[in-house]
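Structure file coords_36.txt; described as compact mmCIF, C-alpha atoms (C1' of nucleotides).
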# COMPACT_ATOMS: atom_id res chain seq x y z
CA MET A 1 -6.29 8.09 1.22
CA ASP A 2 -5.20 10.03 4.28
CA ASN A 3 -2.85 12.97 4.16
CA ARG A 4 0.20 11.03 5.24
CA THR A 5 -0.23 8.52 2.43
CA LYS A 6 -0.96 11.32 -0.01
CA ILE A 7 2.37 12.96 0.85
CA LEU A 8 4.26 9.67 0.53
CA SER A 9 2.75 8.96 -2.85
CA CYS A 10 3.38 12.44 -4.28
CA ALA A 11 6.90 12.56 -2.88
CA LEU A 12 7.74 9.15 -4.35
CA GLN A 13 6.59 10.33 -7.75
CA LEU A 14 8.56 13.58 -7.57
CA PHE A 15 11.76 12.16 -6.07
CA SER A 16 11.78 9.27 -8.54
CA THR A 17 11.34 11.34 -11.65
CA ARG A 18 13.45 14.36 -10.71
CA GLY A 19 15.83 13.34 -7.94
CA TYR A 20 16.11 14.15 -4.25
CA GLU A 21 18.00 17.41 -4.51
CA ALA A 22 15.98 18.79 -7.39
CA VAL A 23 12.65 18.56 -5.58
CA GLY A 24 11.67 21.13 -2.96
CA VAL A 25 9.53 20.53 0.10
CA ARG A 26 7.14 23.26 -1.02
CA GLU A 27 6.56 21.45 -4.30
CA ILE A 28 5.79 18.16 -2.57
CA ALA A 29 3.29 19.78 -0.23
CA GLU A 30 1.68 21.67 -3.09
CA SER A 31 1.44 18.56 -5.22
CA ALA A 32 -0.29 16.76 -2.35
CA GLY A 33 -2.68 19.68 -1.86
CA LEU A 34 -1.38 20.37 1.64
CA SER A 35 0.84 22.84 3.43
CA LYS A 36 4.42 22.45 4.52
CA PRO A 37 3.74 22.24 8.27
CA THR A 38 1.52 19.24 7.60
CA LEU A 39 4.39 17.51 5.88
CA TYR A 40 6.77 18.39 8.68
CA HIS A 41 4.25 17.16 11.20
CA TYR A 42 4.38 13.66 9.73
CA PHE A 43 7.98 13.34 8.65
CA GLY A 44 10.04 15.86 10.60
CA SER A 45 12.30 16.78 7.71
CA LYS A 46 12.78 16.41 3.99
CA GLN A 47 15.37 13.73 4.60
CA GLY A 48 13.06 11.93 6.99
CA LEU A 49 10.37 11.76 4.35
CA PHE A 50 12.87 10.53 1.82
CA GLU A 51 14.21 7.79 4.06
CA ASP A 52 10.72 6.64 4.84
CA ILE A 53 10.00 6.15 1.16
CA VAL A 54 13.29 4.51 0.32
CA LYS A 55 13.28 2.13 3.24
CA ASN A 56 9.74 1.04 2.54
CA LEU A 57 10.39 0.11 -1.05
CA LEU A 58 13.83 -1.37 -0.60
CA LEU A 59 12.59 -3.56 2.21
CA LYS A 60 10.00 -4.89 -0.19
CA LEU A 61 12.68 -5.65 -2.77
CA HIS A 62 14.73 -7.35 -0.10
CA LYS A 63 11.76 -9.51 0.90
CA ASP A 64 11.04 -10.45 -2.71
CA LEU A 65 14.68 -11.34 -3.26
CA ARG A 66 14.87 -13.45 -0.11
CA ASN A 67 11.92 -15.47 -1.26
CA ALA A 68 13.41 -15.90 -4.70
CA ALA A 69 16.86 -16.86 -3.46
CA ILE A 70 15.87 -19.86 -1.34
CA TYR A 71 18.25 -22.47 -2.68
CA ASP A 72 16.64 -25.84 -3.35
CA ASN A 73 19.48 -27.71 -5.06
CA ASP A 74 18.49 -26.41 -8.46
CA LEU A 75 20.82 -23.54 -9.25
CA PRO A 76 19.43 -22.63 -12.69
CA LEU A 77 15.95 -22.41 -11.21
CA THR A 78 17.07 -20.28 -8.29
CA LEU A 79 19.01 -17.96 -10.59
CA THR A 80 15.94 -17.60 -12.75
CA LYS A 81 13.81 -16.70 -9.77
CA ILE A 82 16.33 -14.11 -8.64
CA VAL A 83 16.49 -12.43 -12.01
CA ILE A 84 12.71 -12.40 -12.19
CA ALA A 85 12.49 -10.83 -8.74
CA PHE A 86 14.73 -7.97 -9.78
CA PHE A 87 13.04 -7.53 -13.14
CA ASN A 88 9.59 -7.49 -11.60
CA PHE A 89 10.55 -4.95 -8.99
CA ALA A 90 12.19 -2.75 -11.59
CA GLN A 91 9.11 -2.91 -13.75
CA GLU A 92 6.70 -2.16 -10.93
CA ASN A 93 8.82 0.70 -9.60
CA ASN A 94 10.76 1.76 -12.64
CA SER A 95 11.59 5.36 -11.86
CA PHE A 96 12.23 4.51 -8.23
CA TYR A 97 14.62 1.76 -9.21
CA ARG A 98 16.43 4.19 -11.47
CA MET A 99 16.84 6.53 -8.53
CA HIS A 100 18.00 3.65 -6.36
CA LEU A 101 20.74 2.82 -8.84
CA SER A 102 21.73 6.45 -9.08
CA MET A 103 21.99 6.68 -5.31
CA LEU A 104 24.22 3.61 -5.21
CA PHE A 105 26.83 5.77 -6.90
CA SER A 106 26.17 8.95 -4.96
CA PRO A 107 29.05 10.53 -3.06
CA PRO A 108 29.86 8.35 -0.04
CA GLU A 109 29.25 11.23 2.36
CA SER A 110 25.86 12.15 0.95
CA ASP A 111 22.65 11.35 2.77
CA SER A 112 21.31 9.45 -0.22
CA PHE A 113 24.23 7.08 -0.22
CA LYS A 114 24.06 6.35 3.47
CA VAL A 115 20.38 5.52 3.24
CA VAL A 116 20.76 3.21 0.29
CA SER A 117 24.09 1.49 0.88
CA LYS A 118 22.82 -0.42 3.88
CA PHE A 119 20.07 -1.97 1.79
CA GLN A 120 22.48 -2.71 -1.01
CA GLU A 121 24.55 -4.74 1.43
CA MET A 122 21.47 -6.60 2.54
CA LEU A 123 20.60 -7.52 -1.04
CA PHE A 124 24.16 -8.56 -1.69
CA GLU A 125 24.16 -10.68 1.43
CA VAL A 126 21.18 -12.64 0.15
CA LEU A 127 23.03 -13.48 -3.05
CA ILE A 128 26.22 -14.39 -1.21
CA GLU A 129 24.34 -16.75 1.06
CA MET A 130 22.66 -18.44 -1.88
CA PHE A 131 25.95 -19.01 -3.70
CA THR A 132 27.49 -20.32 -0.51
CA LYS A 133 24.83 -22.99 -0.27
CA ALA A 134 25.13 -23.77 -3.96
CA ALA A 135 28.85 -24.37 -3.52
CA ASP A 136 27.94 -27.47 -1.50
CA ASN A 137 26.73 -29.00 -4.76
CA TYR A 138 29.38 -27.51 -7.02
CA GLY A 139 32.78 -27.78 -5.36
CA ASN A 140 34.51 -25.62 -7.95
CA MET A 141 32.47 -22.63 -6.79
CA LYS A 142 34.13 -22.42 -3.40
CA GLY A 143 35.62 -19.02 -2.66
CA ARG A 144 33.95 -17.41 -5.61
CA HIS A 145 30.75 -16.25 -3.90
CA LEU A 146 31.70 -12.62 -4.03
CA ALA A 147 32.61 -12.74 -7.69
CA PHE A 148 29.38 -14.50 -8.58
CA ALA A 149 27.16 -12.16 -6.62
CA THR A 150 28.90 -9.12 -8.04
CA THR A 151 28.65 -10.30 -11.60
CA LEU A 152 25.05 -11.38 -11.31
CA GLN A 153 23.95 -8.10 -9.84
CA GLY A 154 26.00 -6.15 -12.37
CA MET A 155 24.42 -8.05 -15.25
CA ILE A 156 20.93 -7.60 -13.90
CA ASN A 157 21.35 -3.89 -13.36
CA ALA A 158 22.93 -3.41 -16.76
CA TYR A 159 19.88 -4.94 -18.41
CA ILE A 160 17.52 -2.98 -16.22
CA ARG A 161 19.28 0.19 -17.30
CA LEU A 162 18.57 -0.64 -20.92
CA TYR A 163 14.97 -1.35 -20.02
CA LEU A 164 14.67 1.98 -18.23
CA ASN A 165 15.98 3.72 -21.32
CA GLY A 166 13.41 1.96 -23.48
CA SER A 167 15.94 -0.20 -25.33
CA LEU A 168 14.45 -3.59 -24.49
CA GLU A 169 11.75 -5.48 -22.62
CA LEU A 170 12.31 -7.48 -19.46
CA ASP A 171 10.44 -10.56 -20.69
CA ASP A 172 10.85 -14.27 -19.99
CA GLU A 173 13.11 -14.73 -22.95
CA LEU A 174 15.53 -12.15 -21.60
CA VAL A 175 15.45 -13.77 -18.17
CA HIS A 176 16.49 -17.05 -19.76
CA LYS A 177 19.25 -15.40 -21.77
CA VAL A 178 20.65 -13.65 -18.73
CA VAL A 179 20.65 -16.80 -16.64
CA HIS A 180 22.20 -18.80 -19.44
CA GLN A 181 24.95 -16.29 -20.10
CA PHE A 182 25.69 -15.97 -16.42
CA GLN A 183 26.12 -19.71 -16.15
CA HIS A 184 27.94 -20.57 -19.36
CA GLY A 185 29.55 -17.41 -20.65
CA ILE A 186 29.72 -16.46 -24.29
CA TYR A 187 31.04 -19.49 -26.17
CA THR A 188 27.98 -21.75 -26.07
CA MET B 1 48.05 27.32 -13.99
CA ASP B 2 45.77 29.99 -15.45
CA ASN B 3 42.44 30.88 -13.94
CA ARG B 4 40.39 28.86 -16.38
CA THR B 5 42.30 25.70 -15.55
CA LYS B 6 42.12 26.50 -11.88
CA ILE B 7 38.34 26.69 -12.07
CA LEU B 8 38.12 23.42 -14.02
CA SER B 9 40.28 21.62 -11.52
CA CYS B 10 38.46 22.88 -8.44
CA ALA B 11 35.05 22.25 -9.99
CA LEU B 12 36.01 18.70 -10.93
CA GLN B 13 37.04 18.01 -7.38
CA LEU B 14 33.85 19.49 -5.90
CA PHE B 15 31.40 18.00 -8.40
CA SER B 16 33.01 14.59 -8.13
CA THR B 17 32.97 14.37 -4.39
CA ARG B 18 29.67 16.08 -3.64
CA GLY B 19 27.56 15.96 -6.82
CA TYR B 20 26.38 18.55 -9.31
CA GLU B 21 23.34 19.83 -7.46
CA ALA B 22 24.98 19.94 -4.05
CA VAL B 23 27.77 22.29 -5.14
CA GLY B 24 27.12 26.01 -5.57
CA VAL B 25 28.79 28.32 -8.06
CA ARG B 26 29.91 30.57 -5.23
CA GLU B 27 31.74 27.68 -3.59
CA ILE B 28 33.56 26.77 -6.79
CA ALA B 29 34.73 30.33 -7.34
CA GLU B 30 35.79 30.65 -3.72
CA SER B 31 37.68 27.38 -3.81
CA ALA B 32 39.55 28.58 -6.90
CA GLY B 33 40.33 31.89 -5.23
CA LEU B 34 38.33 33.86 -7.81
CA SER B 35 35.02 35.65 -8.10
CA LYS B 36 31.83 34.45 -9.72
CA PRO B 37 31.95 36.80 -12.74
CA THR B 38 35.32 35.32 -13.65
CA LEU B 39 33.78 31.87 -13.70
CA TYR B 40 30.85 33.08 -15.76
CA HIS B 41 33.23 34.81 -18.13
CA TYR B 42 34.84 31.51 -19.03
CA PHE B 43 31.95 29.09 -18.86
CA GLY B 44 28.71 31.05 -19.24
CA SER B 45 26.77 29.00 -16.73
CA LYS B 46 27.09 26.35 -14.05
CA GLN B 47 25.85 23.76 -16.48
CA GLY B 48 28.32 24.93 -19.13
CA LEU B 49 31.19 24.44 -16.73
CA PHE B 50 29.90 21.02 -15.78
CA GLU B 51 29.55 19.87 -19.38
CA ASP B 52 33.03 21.05 -20.17
CA ILE B 53 34.45 18.90 -17.41
CA VAL B 54 32.36 15.84 -18.19
CA LYS B 55 32.97 15.94 -21.92
CA ASN B 56 36.69 16.30 -21.46
CA LEU B 57 37.08 13.28 -19.24
CA LEU B 58 34.57 11.02 -20.98
CA LEU B 59 36.21 11.73 -24.32
CA LYS B 60 39.45 10.53 -22.78
CA LEU B 61 37.78 7.34 -21.58
CA HIS B 62 36.31 6.84 -25.03
CA LYS B 63 39.71 7.22 -26.63
CA ASP B 64 41.30 4.78 -24.20
CA LEU B 65 38.55 2.28 -24.82
CA ARG B 66 38.79 2.59 -28.60
CA ASN B 67 42.46 1.81 -28.43
CA ALA B 68 41.85 -1.15 -26.17
CA ALA B 69 39.00 -2.56 -28.24
CA ILE B 70 40.86 -2.95 -31.52
CA TYR B 71 40.07 -6.55 -32.35
CA ASP B 72 43.06 -8.55 -33.57
CA ASN B 73 41.58 -12.06 -33.71
CA ASP B 74 42.43 -12.74 -30.09
CA LEU B 75 39.24 -12.25 -28.13
CA PRO B 76 40.60 -13.05 -24.64
CA LEU B 77 43.38 -10.52 -25.19
CA THR B 78 41.01 -7.83 -26.41
CA LEU B 79 38.65 -8.43 -23.52
CA THR B 80 41.55 -8.13 -21.13
CA LYS B 81 42.60 -4.84 -22.66
CA ILE B 82 39.06 -3.49 -22.41
CA VAL B 83 38.71 -4.39 -18.76
CA ILE B 84 42.08 -2.84 -18.05
CA ALA B 85 41.08 0.36 -19.84
CA PHE B 86 38.00 0.74 -17.66
CA PHE B 87 39.83 -0.19 -14.47
CA ASN B 88 42.65 2.23 -15.17
CA PHE B 89 40.31 5.08 -15.91
CA ALA B 90 38.28 4.36 -12.79
CA GLN B 91 41.42 4.32 -10.70
CA GLU B 92 42.81 7.53 -12.14
CA ASN B 93 39.50 9.35 -11.84
CA ASN B 94 37.77 7.47 -9.08
CA SER B 95 35.38 10.04 -7.73
CA PHE B 96 34.60 11.30 -11.21
CA TYR B 97 33.81 7.80 -12.40
CA ARG B 98 31.51 7.35 -9.45
CA MET B 99 29.67 10.51 -10.49
CA HIS B 100 29.58 9.30 -14.07
CA LEU B 101 27.85 6.09 -13.00
CA SER B 102 25.44 8.01 -10.84
CA MET B 103 24.54 10.27 -13.74
CA LEU B 104 23.90 7.25 -15.95
CA PHE B 105 20.89 6.61 -13.73
CA SER B 106 19.81 10.22 -13.31
CA PRO B 107 16.28 11.15 -14.33
CA PRO B 108 16.03 11.08 -18.14
CA GLU B 109 14.97 14.71 -18.27
CA SER B 110 17.79 16.00 -16.10
CA ASP B 111 20.72 17.91 -17.53
CA SER B 112 23.20 15.44 -16.07
CA PHE B 113 21.63 12.54 -17.89
CA LYS B 114 21.54 14.27 -21.24
CA VAL B 115 25.19 15.17 -20.99
CA VAL B 116 26.30 11.70 -20.04
CA SER B 117 24.01 9.43 -22.04
CA LYS B 118 25.52 10.44 -25.35
CA PHE B 119 28.94 9.33 -24.18
CA GLN B 120 27.53 6.15 -22.74
CA GLU B 121 26.19 5.29 -26.18
CA MET B 122 29.59 5.99 -27.71
CA LEU B 123 31.29 3.65 -25.26
CA PHE B 124 28.66 1.01 -25.87
CA GLU B 125 29.11 1.37 -29.61
CA VAL B 126 32.79 0.57 -29.29
CA LEU B 127 31.99 -2.68 -27.50
CA ILE B 128 29.27 -3.60 -29.99
CA GLU B 129 31.63 -3.07 -32.88
CA MET B 130 34.29 -5.23 -31.28
CA PHE B 131 31.88 -8.11 -30.66
CA THR B 132 30.60 -7.81 -34.20
CA LYS B 133 34.07 -8.35 -35.54
CA ALA B 134 34.71 -11.17 -33.11
CA ALA B 135 31.58 -12.92 -34.38
CA ASP B 136 33.43 -13.47 -37.66
CA ASN B 137 35.65 -15.91 -35.79
CA TYR B 138 32.99 -17.35 -33.50
CA GLY B 139 29.85 -18.06 -35.49
CA ASN B 140 27.77 -18.82 -32.42
CA MET B 141 28.12 -15.21 -31.28
CA LYS B 142 26.04 -13.79 -34.09
CA GLY B 143 23.12 -11.68 -32.95
CA ARG B 144 24.37 -11.58 -29.38
CA HIS B 145 26.45 -8.40 -29.59
CA LEU B 146 24.05 -6.38 -27.50
CA ALA B 147 23.85 -9.03 -24.80
CA PHE B 148 27.63 -9.35 -24.62
CA ALA B 149 28.29 -5.63 -24.50
CA THR B 150 25.63 -5.14 -21.85
CA THR B 151 26.92 -7.94 -19.66
CA LEU B 152 30.54 -6.94 -19.99
CA GLN B 153 29.88 -3.35 -19.07
CA GLY B 154 27.60 -4.40 -16.24
CA MET B 155 30.25 -6.70 -14.82
CA ILE B 156 32.96 -4.09 -15.10
CA ASN B 157 30.90 -1.41 -13.41
CA ALA B 158 29.80 -3.77 -10.66
CA TYR B 159 33.43 -4.47 -9.80
CA ILE B 160 34.34 -0.82 -10.04
CA ARG B 161 31.57 -0.03 -7.60
CA LEU B 162 33.10 -2.42 -5.08
CA TYR B 163 36.48 -0.82 -5.68
CA LEU B 164 35.02 2.64 -5.10
CA ASN B 165 33.58 1.45 -1.82
CA GLY B 166 36.95 0.09 -0.74
CA SER B 167 35.92 -3.57 -0.90
CA LEU B 168 38.58 -4.75 -3.35
CA GLU B 169 41.52 -3.79 -5.53
CA LEU B 170 41.41 -3.55 -9.32
CA ASP B 171 44.58 -5.56 -9.85
CA ASP B 172 45.71 -7.88 -12.64
CA GLU B 173 44.35 -10.92 -10.89
CA LEU B 174 40.88 -9.40 -10.83
CA VAL B 175 41.15 -8.47 -14.49
CA HIS B 176 41.86 -12.08 -15.29
CA LYS B 177 39.00 -13.33 -13.14
CA VAL B 178 36.53 -10.95 -14.76
CA VAL B 179 37.60 -11.89 -18.27
CA HIS B 180 37.48 -15.56 -17.44
CA GLN B 181 34.07 -15.44 -15.86
CA PHE B 182 32.71 -13.37 -18.71
CA GLN B 183 33.91 -15.95 -21.19
CA HIS B 184 33.14 -19.21 -19.41
CA GLY B 185 30.53 -18.52 -16.78
CA ILE B 186 30.53 -20.07 -13.35
CA TYR B 187 30.93 -23.82 -13.82
CA THR B 188 34.61 -23.99 -14.75
C1' DG C 1 -18.92 20.96 28.68
C1' DA C 2 -13.79 20.77 29.71
C1' DC C 3 -9.58 19.50 28.07
C1' DA C 4 -5.84 17.42 25.59
C1' DA C 5 -3.95 15.64 21.63
C1' DA C 6 -3.69 15.42 16.67
C1' DC C 7 -3.76 17.88 12.73
C1' DT C 8 -3.62 21.91 9.45
C1' DA C 9 -2.78 26.78 7.51
C1' DT C 10 -0.91 31.64 7.17
C1' DA C 11 2.91 33.94 7.24
C1' DC C 12 7.35 34.32 8.16
C1' DC C 13 12.69 33.23 9.05
C1' DG C 14 17.73 33.53 7.57
C1' DA C 15 20.46 31.50 4.13
C1' DT C 16 21.63 30.32 -0.24
C1' DC C 17 20.67 29.67 -4.99
C1' DG C 18 22.20 30.88 -10.18
C1' DG C 19 23.15 34.87 -12.48
C1' DT C 20 24.32 39.92 -13.60
C1' DA C 21 24.91 45.23 -13.79
C1' DT C 22 28.54 48.09 -13.25
C1' DA C 23 33.01 49.41 -13.02
C1' DG C 24 37.59 48.72 -13.10
C1' DT C 25 42.32 46.90 -14.63
C1' DA C 26 45.38 44.83 -17.57
C1' DT C 27 47.30 43.85 -22.32
C1' DA C 28 47.80 44.08 -27.12
C1' DT C 29 47.25 46.71 -31.46
C1' DG C 30 46.82 50.84 -34.18
C1' DC D 1 48.74 58.10 -27.01
C1' DA D 2 44.16 56.07 -28.24
C1' DT D 3 41.29 52.45 -28.49
C1' DA D 4 39.55 47.86 -28.19
C1' DT D 5 39.49 43.45 -26.13
C1' DA D 6 40.16 40.26 -22.35
C1' DC D 7 39.77 39.61 -17.81
C1' DT D 8 38.45 40.46 -12.82
C1' DA D 9 35.91 42.29 -8.53
C1' DT D 10 32.23 44.60 -5.69
C1' DA D 11 27.82 44.54 -4.90
C1' DC D 12 23.59 43.40 -6.01
C1' DC D 13 19.16 40.89 -8.17
C1' DG D 14 14.76 38.06 -7.59
C1' DA D 15 13.74 33.45 -6.45
C1' DT D 16 13.85 29.59 -3.86
C1' DC D 17 15.70 26.75 -0.30
C1' DG D 18 14.58 23.91 4.31
C1' DG D 19 12.37 24.88 8.33
C1' DT D 20 9.28 27.14 11.98
C1' DA D 21 6.48 30.38 15.18
C1' DT D 22 1.89 31.11 15.84
C1' DA D 23 -2.67 30.20 15.79
C1' DG D 24 -6.74 27.81 14.60
C1' DT D 25 -9.49 23.60 13.90
C1' DT D 26 -10.88 19.07 14.44
C1' DT D 27 -11.35 14.77 17.18
C1' DG D 28 -11.67 11.69 20.95
C1' DT D 29 -11.94 11.24 26.24
C1' DC D 30 -13.47 12.21 30.71
Could you show the structure in this file as structure tokens?
Amino acid sequence: MDNRTKILSCALQLFSTRGYEAVGVREIAESAGLSKPTLYHYFGSKQGLFEDIVKNLLLKLHKDLRNAAIYDNDLPLTLTKIVIAFFNFAQENNSFYRMHLSMLFSPPESDSFKVVSKFQEMLFEVLIEMFTKAADNYGNMKGRHLAFATTLQGMINAYIRLYLNGSLELDDELVHKVVHQFQHGIYT
Amino acid sequence: MDNRTKILSCALQLFSTRGYEAVGVREIAESAGLSKPTLYHYFGSKQGLFEDIVKNLLLKLHKDLRNAAIYDNDLPLTLTKIVIAFFNFAQENNSFYRMHLSMLFSPPESDSFKVVSKFQEMLFEVLIEMFTKAADNYGNMKGRHLAFATTLQGMINAYIRLYLNGSLELDDELVHKVVHQFQHGIYT
DNA sequence: GACAAACTATACCGATCGGTATAGTATATG
DNA sequence: CATATACTATACCGATCGGTATAGTTTGTC
């Protein structure tokens, strides 16, 4: 593993578990067994390093979600794939996903928010597009894309939060329950 | 307004809009027109001041929610009241609520998280209790309290996030839509 | 071997961090 | 008037912050 990768890996670990502001550049360099100028050689600034990490991982999530959200005239199946995509990503990058969610609610002027909000919109766009196509099959869904995408993402993130706090497992049974409740509500 | 209140008010404003870590004690004191020792006289530490603010406001939210969640054998009505309670609080304390949500996803070892997670559990408990009582009327709801509370809160916070980003208004029509979708899903 | 580009370390920069030692001024109580 | 308590300010503490000036070392190219 070359030095650049070493820095990325150590920084991801530190930022994820302690937060952007709470981690110093000195600590990252130390943890990677290198000196600060080396870090600045590769990434230019603390924020540059941070953006590199965030963009990399969120682009991967976006790719996974795009693959999952290809609508093939089977809405329950597509919904299931979408939930699984989020759950898998959250499980493979649990502390990073926690940080991602935290940054979604960062102050609008903060660097963290600016970095992350663009990707949030991209993820949202994928869901919107899927529901738009689905509305061709289900006429009653017209005009409700935004509500559906919002609710679905809210549900998913609420469950992921419980998972991150150790309250439950993101297994297949939960996926099914989430999809079912999203589709049919609470009275069935 | 005495000096203690002045400090609380200025700190709330600064913490809410810029985040706990990004605001210095010196800046708070300056913004309140006082000196640091005065601040430390009243609150002991930066964290002490922060906890005072957070506890105060989250206790208010908890009280509002408890009043809203009194189950009177009319589930749609109770759900409506709950959503309104959250929406009202988020509107009256918008930047604070944003920070609250951000702290919900802070690193588990951070001070912010410890302060806020206790209140999150209290809010959650109120919802759980309400759904437990409702299950006396709707037998099919048994054993699904946790799922319902999670989904409801996830939905509410997802909409509040859009509101905080200026994408929509938290009006009565939205309340109705949220309650309806929570109850009946997407096919109606 | 000459030279440039990429890479790395020591040692430092000014600024700011949370917090405090010290001293002073009010205010209330005896 | 004396004394104690509550409150406030000046000036400072050591530590750490993000970032860099300087210099040295490797590596590939001609």
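Proximity ranking of A:Phe87, A:Tyr40, A:Phe119, A:Tyr187 relative to chain D places A:Tyr40 first, based on only C-alpha atoms (C1' of nucleotides).
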Task: Spatial neighbours of Gln91 (chain A), 10 Å, all atoms listed in the file, chain gap at least 4 places, as a list in words - done: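 The residues that qualify are Ala85, Phe86, Phe87, Ser95, Phe96, Tyr97, Ile160, Tyr163, Leu164, Glu169 and Leu170 of chain A.
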Please save C-alpha atoms of the selected residues as a CSV table (one decimal), in the frame of the given file.
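Here's the written file part08.csv:
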chain,number,residue,atom,x,y,z
A,85,ALA,CA,12.5,-10.8,-8.7
A,86,PHE,CA,14.7,-8.0,-9.8
A,87,PHE,CA,13.0,-7.5,-13.1
A,95,SER,CA,11.6,5.4,-11.9
A,96,PHE,CA,12.2,4.5,-8.2
A,97,TYR,CA,14.6,1.8,-9.2
A,160,ILE,CA,17.5,-3.0,-16.2
A,163,TYR,CA,15.0,-1.4,-20.0
A,164,LEU,CA,14.7,2.0,-18.2
A,169,GLU,CA,11.8,-5.5,-22.6
A,170,LEU,CA,12.3,-7.5,-19.5
Between B:Thr151, B:Asn56, B:Thr80, B:Ser167, which residue has the minimum interatomic distance to chain A, considering all atoms listed in the file?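 With all atoms listed in the file as the atom set, the closest residue is B:Thr151.
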Name all residues at most 12 Å from DA15 (chain D) (count all atoms listed in the file; drop same-chain ones fewer than 4 positions away) and give them as a PyMOL selection string.
-> chain C and resi 16-19
Next item on the list: Would you kindly report the residues of chain D within 10 Å of chain B, using all atoms listed in the file, as a ChimeraX atom specification?
Entry: /D:6-10
Residue with smallest distance to Asn140 (chain A) - pool B:Val115, B:Ile186, B:Leu101, B:Leu49, counting only C-alpha atoms:
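Closest to Asn140 (chain A), using only C-alpha atoms: B:Ile186.
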With a distance threshold of 8 Å and counting only C-alpha atoms (C1' of nucleotides), extract the residues of chain C near chain A and express them as number ranges by chain.
C: 7-9
Show me, as number ranges by chain, the residues that have an atom within 12 Å of Thr5 (chain A) when counting all atoms listed in the file, minus same-chain residues fewer than 3 positions from it. A: 1-2, 8-12, 32, 34, 39, 42-43, 49, 52-53
- Item | Using only C-alpha atoms: which of A:Val54, A:Met141, A:Leu65, A:Ile128 has the shortest distance to chain B |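 Of the candidates, the smallest distance to chain B is held by A:Met141.
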Mind running chain B against chain A at 9 Å and telling me each contacting residue's nearest atom pair with the distance in Å (one decimal), counting all atoms listed in the file, chain and number ascending, as a tab-separated table?
residue	atom	partner	partner_atom	distance
B:Ser16	CA	A:Pro107	CA	7.6
B:Thr17	CA	A:Pro107	CA	5.6
B:Arg18	CA	A:Pro107	CA	5.6
B:Gly19	CA	A:Pro107	CA	6.8
B:Glu21	CA	A:Glu21	CA	6.6
B:Ala22	CA	A:Glu21	CA	7.4
B:Ser95	CA	A:Pro107	CA	7.9
B:Arg98	CA	A:Phe105	CA	5.6
B:Met99	CA	A:Phe105	CA	6.6
B:His100	CA	A:Phe105	CA	8.5
B:Leu101	CA	A:Phe105	CA	6.2
B:Ser102	CA	A:Ser102	CA	4.4
B:Met103	CA	A:Ser102	CA	6.6
B:Leu104	CA	A:Ser102	CA	7.2
B:Phe105	CA	A:Ser102	CA	4.7
B:Ser106	CA	A:Ser102	CA	6.0
B:Pro107	CA	A:Arg18	CA	5.6
B:Pro108	CA	A:Thr17	CA	8.0
B:Glu109	CA	A:Arg18	CA	7.7
B:Ser110	CA	A:Arg18	CA	7.1
B:Tyr138	CA	A:Tyr187	CA	7.9
B:Asn140	CA	A:Thr188	CA	7.0
B:Met141	CA	A:Tyr187	CA	7.3
B:Arg144	CA	A:Ile186	CA	8.9
B:Ala147	CA	A:Val178	CA	8.3
B:Phe148	CA	A:Ile186	CA	7.4
B:Thr150	CA	A:Ala158	CA	6.0
B:Thr151	CA	A:Met155	CA	5.1
B:Leu152	CA	A:Met155	CA	7.8
B:Gln153	CA	A:Ala158	CA	7.3
B:Gly154	CA	A:Gly154	CA	4.5
B:Met155	CA	A:Gly154	CA	4.9
B:Ile156	CA	A:Gly154	CA	7.8
B:Asn157	CA	A:Gly154	CA	6.9
B:Ala158	CA	A:Gly154	CA	4.8
B:Tyr159	CA	A:Thr150	CA	6.7
B:Arg161	CA	A:Phe105	CA	7.5
B:Leu162	CA	A:Thr150	CA	8.4
B:Leu164	CA	A:Phe105	CA	9.0
B:Asn165	CA	A:Pro108	CA	8.0
B:Lys177	CA	A:Ala147	CA	8.4
B:Val178	CA	A:Ala147	CA	8.3
B:His180	CA	A:Gly185	CA	8.8
B:Gln181	CA	A:Gly185	CA	6.9
B:Phe182	CA	A:Gly185	CA	5.5
B:Gln183	CA	A:Gly185	CA	4.6
B:His184	CA	A:Gly185	CA	4.2
B:Gly185	CA	A:Gly185	CA	4.1
B:Ile186	CA	A:Gln183	CA	5.2
B:Tyr187	CA	A:Gln183	CA	6.7
B:Thr188	CA	A:Asn140	CA	7.0
Here C1' of DT16 (chain D) and C1' of DT10 (chain C) stand apart by 18.5 Å
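Counting from CA of Glu125 (chain A), the distance to CA of Ile84 (chain B) is 27.6 Å.
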One decimal place gives the C1' of DG28 (chain D)-CA of Arg4 (chain A) separation as 19.7 Å
Selection as a PyMOL selection string: residues within 8 Å of (14.5, 29.4, 10.9), counting only C-alpha atoms (C1' of nucleotides)
(chain C and resi 13-14) or (chain D and resi 19-20)
Return as AutoDock Vina command-line options the centre and edge lengths, in Å with one decimal, of the box along x, y and z that encloses every atom of region 23-27 of chain A in the file, padded by 4 Å per side.
--center_x 9.6 --center_y 20.9 --center_z -2.7 --size_x 14.1 --size_y 12.7 --size_z 13.7
- Task: For a cut-off of 12 Å around (-16.6, 20.0, 28.4), file coordinates, pick out all residues using all atoms listed in the file and list them as number ranges by chain.
- Result: C: 1-4; D: 29-30
Can those selected residues be exported to a file as a PDB file, keeping the file's coordinate frame so that it contains C-alpha atoms (C1' of nucleotides)?
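Result file is again_11.pdb:
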ATOM      1  C1'  DG C   1     -18.920  20.960  28.680  1.00  0.00           C
ATOM      2  C1'  DA C   2     -13.790  20.770  29.710  1.00  0.00           C
ATOM      3  C1'  DC C   3      -9.580  19.500  28.070  1.00  0.00           C
ATOM      4  C1'  DA C   4      -5.840  17.420  25.590  1.00  0.00           C
TER       5       DA C   4
ATOM      6  C1'  DT D  29     -11.940  11.240  26.240  1.00  0.00           C
ATOM      7  C1'  DC D  30     -13.470  12.210  30.710  1.00  0.00           C
TER       8       DC D  30
END
